Amino acid sequence: MEFAAAQWIAEPGLNHFLIVGALLFSLGLMAVLSKKNVIMVLMGVELILNSANINFIAFSRFTELSLEGHMIGLFVVIIAAAEAAVALAIVLNMYNRFKTIHLNDIFSLKG
Amino acid sequence: MEFTTLLFYLFSVVTLGAAAVMVFSKNIVHSAFALMFALIGVAALYVLLYADFMAATQLLVYVGGILILFLFGVMLTSQGTTLDFKTVTVNIVPATLLSLAAAILLILVFLQTEWVISEQPQATDTVRDLGMLLMGDYILPFISVGVLLLIAIIGAILMSTRLTEKQTGGN
């Protein structure tokens with residue numbers, strides 16, 4: 001039993017990368033849920049997207065997914081870039097209108 | 001213990017530690033720089049997974065592009081003239097409980113599933129193969145993503161120009 005555990009630690013496999021991805025996901029979720037600043041929430045979303053990408057590429061290294069996983073990861077990165085650009089434009093507009101970027105203070109849809 | 005094993009643990013600790021600093025830091029500029037180290041650590045993990053092109057893309061797009069965008073966002077939306085970049089943390093207890101539950105559930109599921117592992121040969125020509133795939137099986141998503149980027153650029157420009165118009169129109 002001891003030997004198996006030591007071997008599991010010494011040889012990083014699929015599960016190790018998946019666990020890193022899961023921890024990164026939970027940290028991103030924490031940032032999304034607990035921050036008042038819109039930009040911090042967006043950073044949390046980026047962390048979540050990165051954790052999903054780690055999972056895809058780990059599967060492409062260790063299973064039959066092979067290069068298709070890289071492909072999905074590439075598209076995730078492209079869409080994350082588009083999302084960040086549009087979201088930050090929205091945040092700047094919002095700051096111009098409400099003079100704040102705290103999520104609690106922004107509750108009117110039609111200003 | 002092999003060298004790659006050590007590298008794996010080093011870069012996982014860098015990634016997760018920087019992400020934790022990002023989440024728990026009070027200063028939003030510190031958070032942005034911690035996010036940079038987390039993204040670089042993720043790129044290093046990609047290299048360990050034989051995904052060299054993905055690692056280069058990660059460095060160029062995230063560290064070179066999105067992070068600069070975030071820093072601009074932080075600078076342009078800081079309130080007043082005081083250098084006050086504090087972030088406020090709200091409902092910390094439910095958020096901690098939910099993210100802990102998510103982490104524990106995900107790790108349990110990952111450990112209990114029997115993955116069908118087939119050791120892939122070490123990829124040597126990733127960029128060439130990715131290019132062949134992009135121009136072959138993935139030509140439709142490739143073009144759609146190009147249109148999506150165009151729409152995103154036009155949308156961002158439209159929103160920011162309307163912003164300045166209103167400012168000058170008010171004066």
# chains A, B, ... in the order shown; residues from 1 in each chain; ligands from 1
>>> closest_atom_pairs(of="stretch 2-107 of chain A", to="stretch 19-33 of chain B", cutoff="8 Å", atoms="only C-alpha atoms", output="Markdown table")
| residue | atom | partner | partner_atom | distance |
| --- | --- | --- | --- | --- |
| A:Leu24 | CA | B:Ala19 | CA | 7.1 |
| A:Leu27 | CA | B:Ala20 | CA | 6.6 |
| A:Gly28 | CA | B:Val23 | CA | 7.6 |
| A:Met30 | CA | B:Val23 | CA | 7.2 |
| A:Ala31 | CA | B:Val23 | CA | 5.4 |
| A:Met40 | CA | B:Ile28 | CA | 7.4 |
| A:Met43 | CA | B:Ala32 | CA | 7.9 |
| A:Gly44 | CA | B:Val23 | CA | 7.9 |
| A:Leu47 | CA | B:Ala19 | CA | 7.8 |
>>> write_last_selection(atoms="all heavy atoms", output="compact mmCIF listing (two decimals), in the first residue's frame")
# COMPACT_ATOMS: atom_id res chain seq x y z
N LEU A 24 -7.69 24.44 -9.74
CA LEU A 24 -7.72 25.73 -10.42
C LEU A 24 -9.15 26.17 -10.66
O LEU A 24 -9.50 27.35 -10.48
CB LEU A 24 -6.97 25.61 -11.74
CG LEU A 24 -6.30 26.86 -12.30
CD1 LEU A 24 -5.29 27.37 -11.31
CD2 LEU A 24 -5.63 26.55 -13.61
N LEU A 27 -10.63 27.51 -7.43
CA LEU A 27 -10.13 28.85 -7.12
C LEU A 27 -10.82 29.89 -7.99
O LEU A 27 -11.19 30.98 -7.51
CB LEU A 27 -8.62 28.91 -7.32
CG LEU A 27 -7.80 28.30 -6.19
CD1 LEU A 27 -6.35 28.16 -6.60
CD2 LEU A 27 -7.90 29.16 -4.97
N GLY A 28 -11.02 29.56 -9.29
CA GLY A 28 -11.72 30.50 -10.16
C GLY A 28 -13.15 30.72 -9.72
O GLY A 28 -13.66 31.84 -9.73
N MET A 30 -14.24 30.46 -6.71
CA MET A 30 -14.16 31.31 -5.51
C MET A 30 -14.08 32.78 -5.90
O MET A 30 -14.78 33.63 -5.32
CB MET A 30 -12.90 30.88 -4.76
CG MET A 30 -12.61 31.66 -3.53
SD MET A 30 -13.39 30.91 -2.12
CE MET A 30 -13.20 32.26 -0.96
N ALA A 31 -13.23 33.09 -6.90
CA ALA A 31 -13.10 34.49 -7.31
C ALA A 31 -14.41 35.01 -7.90
O ALA A 31 -14.82 36.13 -7.64
CB ALA A 31 -11.98 34.63 -8.34
N MET A 40 -12.26 41.51 -11.21
CA MET A 40 -11.85 40.28 -10.51
C MET A 40 -12.71 39.11 -10.94
O MET A 40 -12.21 37.99 -11.08
CB MET A 40 -11.98 40.49 -9.00
CG MET A 40 -10.91 41.35 -8.38
SD MET A 40 -9.27 40.66 -8.61
CE MET A 40 -9.42 39.16 -7.69
N MET A 43 -11.39 37.87 -14.17
CA MET A 43 -10.16 37.09 -13.98
C MET A 43 -10.50 35.68 -13.50
O MET A 43 -9.87 34.70 -13.92
CB MET A 43 -9.26 37.77 -12.95
CG MET A 43 -8.58 39.02 -13.44
SD MET A 43 -7.42 39.56 -12.17
CE MET A 43 -7.22 41.25 -12.60
N GLY A 44 -11.51 35.55 -12.63
CA GLY A 44 -11.92 34.23 -12.19
C GLY A 44 -12.43 33.39 -13.35
O GLY A 44 -12.14 32.19 -13.44
N LEU A 47 -9.54 31.98 -15.16
CA LEU A 47 -8.97 30.82 -14.46
C LEU A 47 -9.78 29.57 -14.76
O LEU A 47 -9.23 28.48 -14.99
CB LEU A 47 -8.95 31.05 -12.96
CG LEU A 47 -7.76 31.76 -12.34
CD1 LEU A 47 -7.79 31.58 -10.84
CD2 LEU A 47 -6.47 31.22 -12.88
>>> residues_around(residues="A:Met94", least_positions_apart="4", cutoff="12 Å", atoms="only C-alpha atoms", output="VMD selection string")
(chain A and resid 38 to 39 87 to 90 98 to 103 105 to 111) or (chain B and resid 73 76 to 77 159 to 160 163)
>>> interface_residues(of="chain B", to="chain A", cutoff="7 Å", atoms="only C-alpha atoms", output="PyMOL selection string")
chain B and resi 1+5+12+16+19-20+23+49+54+66+73+77+87-92+95-96+99-100+102-103+106-107+110-111+116-120+149+152+155-156+159-160+163
>>> write_last_selection(atoms="C-alpha atoms", output="PDB file, in the first residue's frame")
ATOM      1  CA  MET B   1      12.327  10.641  -8.957  1.00  0.00           C
ATOM      2  CA  THR B   5       8.107  14.725 -12.151  1.00  0.00           C
ATOM      3  CA  SER B  12       1.621  22.924 -10.377  1.00  0.00           C
ATOM      4  CA  LEU B  16      -2.003  26.985  -7.873  1.00  0.00           C
ATOM      5  CA  ALA B  19      -4.022  31.520  -8.485  1.00  0.00           C
ATOM      6  CA  ALA B  20      -4.547  31.497  -4.706  1.00  0.00           C
ATOM      7  CA  VAL B  23      -8.061  35.174  -5.418  1.00  0.00           C
ATOM      8  CA  LEU B  49       1.849  17.518 -21.886  1.00  0.00           C
ATOM      9  CA  MET B  54      -0.754  25.416 -27.247  1.00  0.00           C
ATOM     10  CA  ILE B  66      -5.696  39.438 -22.256  1.00  0.00           C
ATOM     11  CA  GLY B  73      -9.345  47.883 -17.347  1.00  0.00           C
ATOM     12  CA  THR B  77     -11.833  52.111 -13.755  1.00  0.00           C
ATOM     13  CA  THR B  87     -11.204  44.795  -3.836  1.00  0.00           C
ATOM     14  CA  VAL B  88     -14.015  43.978  -1.471  1.00  0.00           C
ATOM     15  CA  THR B  89     -14.867  40.391  -0.682  1.00  0.00           C
ATOM     16  CA  VAL B  90     -18.515  39.580  -0.141  1.00  0.00           C
ATOM     17  CA  ASN B  91     -20.353  36.486   1.092  1.00  0.00           C
ATOM     18  CA  ILE B  92     -17.096  34.657   1.721  1.00  0.00           C
ATOM     19  CA  ALA B  95     -18.408  31.011  -1.713  1.00  0.00           C
ATOM     20  CA  THR B  96     -15.783  29.036   0.215  1.00  0.00           C
ATOM     21  CA  SER B  99     -15.835  26.020  -4.177  1.00  0.00           C
ATOM     22  CA  LEU B 100     -14.585  23.506  -1.615  1.00  0.00           C
ATOM     23  CA  ALA B 102     -16.776  21.615  -6.163  1.00  0.00           C
ATOM     24  CA  ALA B 103     -13.084  20.758  -5.654  1.00  0.00           C
ATOM     25  CA  LEU B 106     -14.395  16.814  -8.875  1.00  0.00           C
ATOM     26  CA  ILE B 107     -11.338  15.145  -7.311  1.00  0.00           C
ATOM     27  CA  PHE B 110     -11.588  11.908 -11.159  1.00  0.00           C
ATOM     28  CA  LEU B 111     -10.014   9.410  -8.768  1.00  0.00           C
ATOM     29  CA  VAL B 116      -9.139   4.232 -20.633  1.00  0.00           C
ATOM     30  CA  ILE B 117      -5.508   5.280 -20.785  1.00  0.00           C
ATOM     31  CA  SER B 118      -3.601   4.686 -23.974  1.00  0.00           C
ATOM     32  CA  GLU B 119      -0.083   6.032 -23.929  1.00  0.00           C
ATOM     33  CA  GLN B 120       0.226   8.307 -26.936  1.00  0.00           C
ATOM     34  CA  LEU B 149     -13.460  37.493 -33.741  1.00  0.00           C
ATOM     35  CA  ALA B 152     -16.110  40.893 -31.273  1.00  0.00           C
ATOM     36  CA  GLY B 155     -18.667  45.251 -31.097  1.00  0.00           C
ATOM     37  CA  ALA B 156     -15.834  46.440 -28.843  1.00  0.00           C
ATOM     38  CA  MET B 159     -19.162  50.345 -27.665  1.00  0.00           C
ATOM     39  CA  SER B 160     -16.049  52.377 -26.938  1.00  0.00           C
ATOM     40  CA  LEU B 163     -18.752  56.120 -25.101  1.00  0.00           C
TER      41      LEU B 163
END
>>> residues_around(residues="B:Leu39", least_positions_apart="5", cutoff="10 Å", atoms="only C-alpha atoms", output="PDB file with all heavy atoms, in the first residue's frame")
ATOM      1  N   GLU A  46     -11.410  33.637 -16.416  1.00  0.00           N
ATOM      2  CA  GLU A  46     -10.236  33.189 -17.167  1.00  0.00           C
ATOM      3  C   GLU A  46      -9.591  31.975 -16.510  1.00  0.00           C
ATOM      4  O   GLU A  46      -9.158  31.044 -17.195  1.00  0.00           O
ATOM      5  CB  GLU A  46      -9.212  34.316 -17.270  1.00  0.00           C
ATOM      6  CG  GLU A  46      -9.691  35.542 -18.006  1.00  0.00           C
ATOM      7  CD  GLU A  46     -10.061  35.250 -19.437  1.00  0.00           C
ATOM      8  OE1 GLU A  46      -9.474  34.346 -20.028  1.00  0.00           O
ATOM      9  OE2 GLU A  46     -10.954  35.931 -19.956  1.00  0.00           O
ATOM     10  N   LEU A  47      -9.538  31.980 -15.160  1.00  0.00           N
ATOM     11  CA  LEU A  47      -8.967  30.817 -14.464  1.00  0.00           C
ATOM     12  C   LEU A  47      -9.785  29.566 -14.757  1.00  0.00           C
ATOM     13  O   LEU A  47      -9.225  28.483 -14.986  1.00  0.00           O
ATOM     14  CB  LEU A  47      -8.947  31.048 -12.956  1.00  0.00           C
ATOM     15  CG  LEU A  47      -7.759  31.760 -12.338  1.00  0.00           C
ATOM     16  CD1 LEU A  47      -7.788  31.584 -10.837  1.00  0.00           C
ATOM     17  CD2 LEU A  47      -6.473  31.219 -12.880  1.00  0.00           C
ATOM     18  N   ASN A  50      -8.996  28.284 -18.174  1.00  0.00           N
ATOM     19  CA  ASN A  50      -7.685  27.640 -18.203  1.00  0.00           C
ATOM     20  C   ASN A  50      -7.727  26.253 -17.601  1.00  0.00           C
ATOM     21  O   ASN A  50      -7.058  25.342 -18.096  1.00  0.00           O
ATOM     22  CB  ASN A  50      -6.683  28.507 -17.459  1.00  0.00           C
ATOM     23  CG  ASN A  50      -5.933  29.396 -18.404  1.00  0.00           C
ATOM     24  OD1 ASN A  50      -5.119  28.928 -19.162  1.00  0.00           O
ATOM     25  ND2 ASN A  50      -6.241  30.659 -18.389  1.00  0.00           N
TER      26      ASN A  50
ATOM     27  N   VAL B  14       3.468  26.433  -8.588  1.00  0.00           N
ATOM     28  CA  VAL B  14       3.507  27.827  -9.050  1.00  0.00           C
ATOM     29  C   VAL B  14       2.122  28.259  -9.514  1.00  0.00           C
ATOM     30  O   VAL B  14       1.607  29.317  -9.121  1.00  0.00           O
ATOM     31  CB  VAL B  14       4.541  27.988 -10.186  1.00  0.00           C
ATOM     32  CG1 VAL B  14       4.323  29.311 -10.905  1.00  0.00           C
ATOM     33  CG2 VAL B  14       5.936  27.927  -9.639  1.00  0.00           C
ATOM     34  N   THR B  15       1.475  27.410 -10.339  1.00  0.00           N
ATOM     35  CA  THR B  15       0.166  27.766 -10.882  1.00  0.00           C
ATOM     36  C   THR B  15      -0.859  27.945  -9.771  1.00  0.00           C
ATOM     37  O   THR B  15      -1.541  28.974  -9.689  1.00  0.00           O
ATOM     38  CB  THR B  15      -0.307  26.661 -11.836  1.00  0.00           C
ATOM     39  OG1 THR B  15       0.695  26.440 -12.798  1.00  0.00           O
ATOM     40  CG2 THR B  15      -1.585  27.054 -12.508  1.00  0.00           C
ATOM     41  N   ALA B  18      -0.030  30.897  -7.364  1.00  0.00           N
ATOM     42  CA  ALA B  18      -0.315  32.205  -7.956  1.00  0.00           C
ATOM     43  C   ALA B  18      -1.813  32.430  -8.068  1.00  0.00           C
ATOM     44  O   ALA B  18      -2.302  33.542  -7.827  1.00  0.00           O
ATOM     45  CB  ALA B  18       0.344  32.305  -9.323  1.00  0.00           C
ATOM     46  N   ALA B  19      -2.563  31.369  -8.400  1.00  0.00           N
ATOM     47  CA  ALA B  19      -4.022  31.520  -8.485  1.00  0.00           C
ATOM     48  C   ALA B  19      -4.598  31.851  -7.110  1.00  0.00           C
ATOM     49  O   ALA B  19      -5.497  32.687  -6.980  1.00  0.00           O
ATOM     50  CB  ALA B  19      -4.648  30.249  -9.039  1.00  0.00           C
ATOM     51  N   PHE B  33      -1.068  40.683 -11.493  1.00  0.00           N
ATOM     52  CA  PHE B  33       0.269  40.117 -11.698  1.00  0.00           C
ATOM     53  C   PHE B  33       0.335  38.667 -11.260  1.00  0.00           C
ATOM     54  O   PHE B  33       1.028  37.850 -11.875  1.00  0.00           O
ATOM     55  CB  PHE B  33       1.316  40.977 -11.002  1.00  0.00           C
ATOM     56  CG  PHE B  33       1.663  42.193 -11.799  1.00  0.00           C
ATOM     57  CD1 PHE B  33       1.161  43.425 -11.474  1.00  0.00           C
ATOM     58  CD2 PHE B  33       2.460  42.076 -12.921  1.00  0.00           C
ATOM     59  CE1 PHE B  33       1.446  44.541 -12.226  1.00  0.00           C
ATOM     60  CE2 PHE B  33       2.753  43.181 -13.687  1.00  0.00           C
ATOM     61  CZ  PHE B  33       2.254  44.421 -13.340  1.00  0.00           C
ATOM     62  N   ALA B  34      -0.412  38.304 -10.197  1.00  0.00           N
ATOM     63  CA  ALA B  34      -0.468  36.895  -9.799  1.00  0.00           C
ATOM     64  C   ALA B  34      -1.113  36.061 -10.892  1.00  0.00           C
ATOM     65  O   ALA B  34      -0.689  34.932 -11.165  1.00  0.00           O
ATOM     66  CB  ALA B  34      -1.237  36.754  -8.496  1.00  0.00           C
ATOM     67  N   ALA B  44       3.502  26.198 -18.885  1.00  0.00           N
ATOM     68  CA  ALA B  44       4.535  25.202 -18.608  1.00  0.00           C
ATOM     69  C   ALA B  44       3.918  23.813 -18.480  1.00  0.00           C
ATOM     70  O   ALA B  44       4.502  22.822 -18.947  1.00  0.00           O
ATOM     71  CB  ALA B  44       5.274  25.573 -17.333  1.00  0.00           C
ATOM     72  N   LEU B  45       2.718  23.726 -17.877  1.00  0.00           N
ATOM     73  CA  LEU B  45       2.049  22.418 -17.795  1.00  0.00           C
ATOM     74  C   LEU B  45       1.714  21.908 -19.194  1.00  0.00           C
ATOM     75  O   LEU B  45       1.802  20.705 -19.465  1.00  0.00           O
ATOM     76  CB  LEU B  45       0.773  22.528 -16.957  1.00  0.00           C
ATOM     77  CG  LEU B  45       0.980  22.693 -15.455  1.00  0.00           C
ATOM     78  CD1 LEU B  45      -0.352  22.773 -14.749  1.00  0.00           C
ATOM     79  CD2 LEU B  45       1.757  21.526 -14.905  1.00  0.00           C
ATOM     80  N   ALA B  55       1.150  25.858 -25.787  1.00  0.00           N
ATOM     81  CA  ALA B  55       1.895  26.651 -24.796  1.00  0.00           C
ATOM     82  C   ALA B  55       2.268  28.003 -25.380  1.00  0.00           C
ATOM     83  O   ALA B  55       2.112  29.046 -24.717  1.00  0.00           O
ATOM     84  CB  ALA B  55       3.138  25.896 -24.353  1.00  0.00           C
ATOM     85  N   GLN B  58      -0.800  30.102 -25.570  1.00  0.00           N
ATOM     86  CA  GLN B  58      -1.174  30.564 -24.233  1.00  0.00           C
ATOM     87  C   GLN B  58      -0.345  31.786 -23.850  1.00  0.00           C
ATOM     88  O   GLN B  58      -0.884  32.785 -23.364  1.00  0.00           O
ATOM     89  CB  GLN B  58      -0.940  29.418 -23.242  1.00  0.00           C
ATOM     90  CG  GLN B  58      -1.040  29.802 -21.796  1.00  0.00           C
ATOM     91  CD  GLN B  58      -2.417  29.597 -21.246  1.00  0.00           C
ATOM     92  OE1 GLN B  58      -3.289  29.104 -21.954  1.00  0.00           O
ATOM     93  NE2 GLN B  58      -2.625  29.964 -20.016  1.00  0.00           N
ATOM     94  N   LEU B  59       0.974  31.700 -24.076  1.00  0.00           N
ATOM     95  CA  LEU B  59       1.830  32.832 -23.710  1.00  0.00           C
ATOM     96  C   LEU B  59       1.476  34.064 -24.524  1.00  0.00           C
ATOM     97  O   LEU B  59       1.384  35.173 -23.988  1.00  0.00           O
ATOM     98  CB  LEU B  59       3.304  32.467 -23.932  1.00  0.00           C
ATOM     99  CG  LEU B  59       3.940  31.624 -22.840  1.00  0.00           C
ATOM    100  CD1 LEU B  59       5.388  31.366 -23.180  1.00  0.00           C
ATOM    101  CD2 LEU B  59       3.844  32.338 -21.514  1.00  0.00           C
ATOM    102  N   TYR B  62      -2.755  34.952 -23.838  1.00  0.00           N
ATOM    103  CA  TYR B  62      -3.143  35.310 -22.473  1.00  0.00           C
ATOM    104  C   TYR B  62      -2.188  36.322 -21.874  1.00  0.00           C
ATOM    105  O   TYR B  62      -2.579  37.417 -21.483  1.00  0.00           O
ATOM    106  CB  TYR B  62      -3.200  34.061 -21.598  1.00  0.00           C
ATOM    107  CG  TYR B  62      -4.553  33.400 -21.611  1.00  0.00           C
ATOM    108  CD1 TYR B  62      -4.773  32.250 -22.324  1.00  0.00           C
ATOM    109  CD2 TYR B  62      -5.598  33.938 -20.897  1.00  0.00           C
ATOM    110  CE1 TYR B  62      -6.013  31.657 -22.353  1.00  0.00           C
ATOM    111  CE2 TYR B  62      -6.832  33.357 -20.917  1.00  0.00           C
ATOM    112  CZ  TYR B  62      -7.037  32.211 -21.639  1.00  0.00           C
ATOM    113  OH  TYR B  62      -8.260  31.633 -21.663  1.00  0.00           O
ATOM    114  N   VAL B  63      -0.898  35.939 -21.786  1.00  0.00           N
ATOM    115  CA  VAL B  63       0.045  36.815 -21.078  1.00  0.00           C
ATOM    116  C   VAL B  63       0.282  38.087 -21.872  1.00  0.00           C
ATOM    117  O   VAL B  63       0.411  39.174 -21.318  1.00  0.00           O
ATOM    118  CB  VAL B  63       1.357  36.052 -20.816  1.00  0.00           C
ATOM    119  CG1 VAL B  63       2.303  36.904 -20.022  1.00  0.00           C
ATOM    120  CG2 VAL B  63       1.070  34.762 -20.100  1.00  0.00           C
ATOM    121  N   LEU B  67      -4.043  39.780 -20.493  1.00  0.00           N
ATOM    122  CA  LEU B  67      -3.593  40.347 -19.223  1.00  0.00           C
ATOM    123  C   LEU B  67      -3.383  41.850 -19.337  1.00  0.00           C
ATOM    124  O   LEU B  67      -3.728  42.607 -18.418  1.00  0.00           O
ATOM    125  CB  LEU B  67      -2.300  39.662 -18.809  1.00  0.00           C
ATOM    126  CG  LEU B  67      -2.044  39.785 -17.328  1.00  0.00           C
ATOM    127  CD1 LEU B  67      -2.950  38.859 -16.579  1.00  0.00           C
ATOM    128  CD2 LEU B  67      -0.622  39.494 -17.025  1.00  0.00           C
TER     129      LEU B  67
END
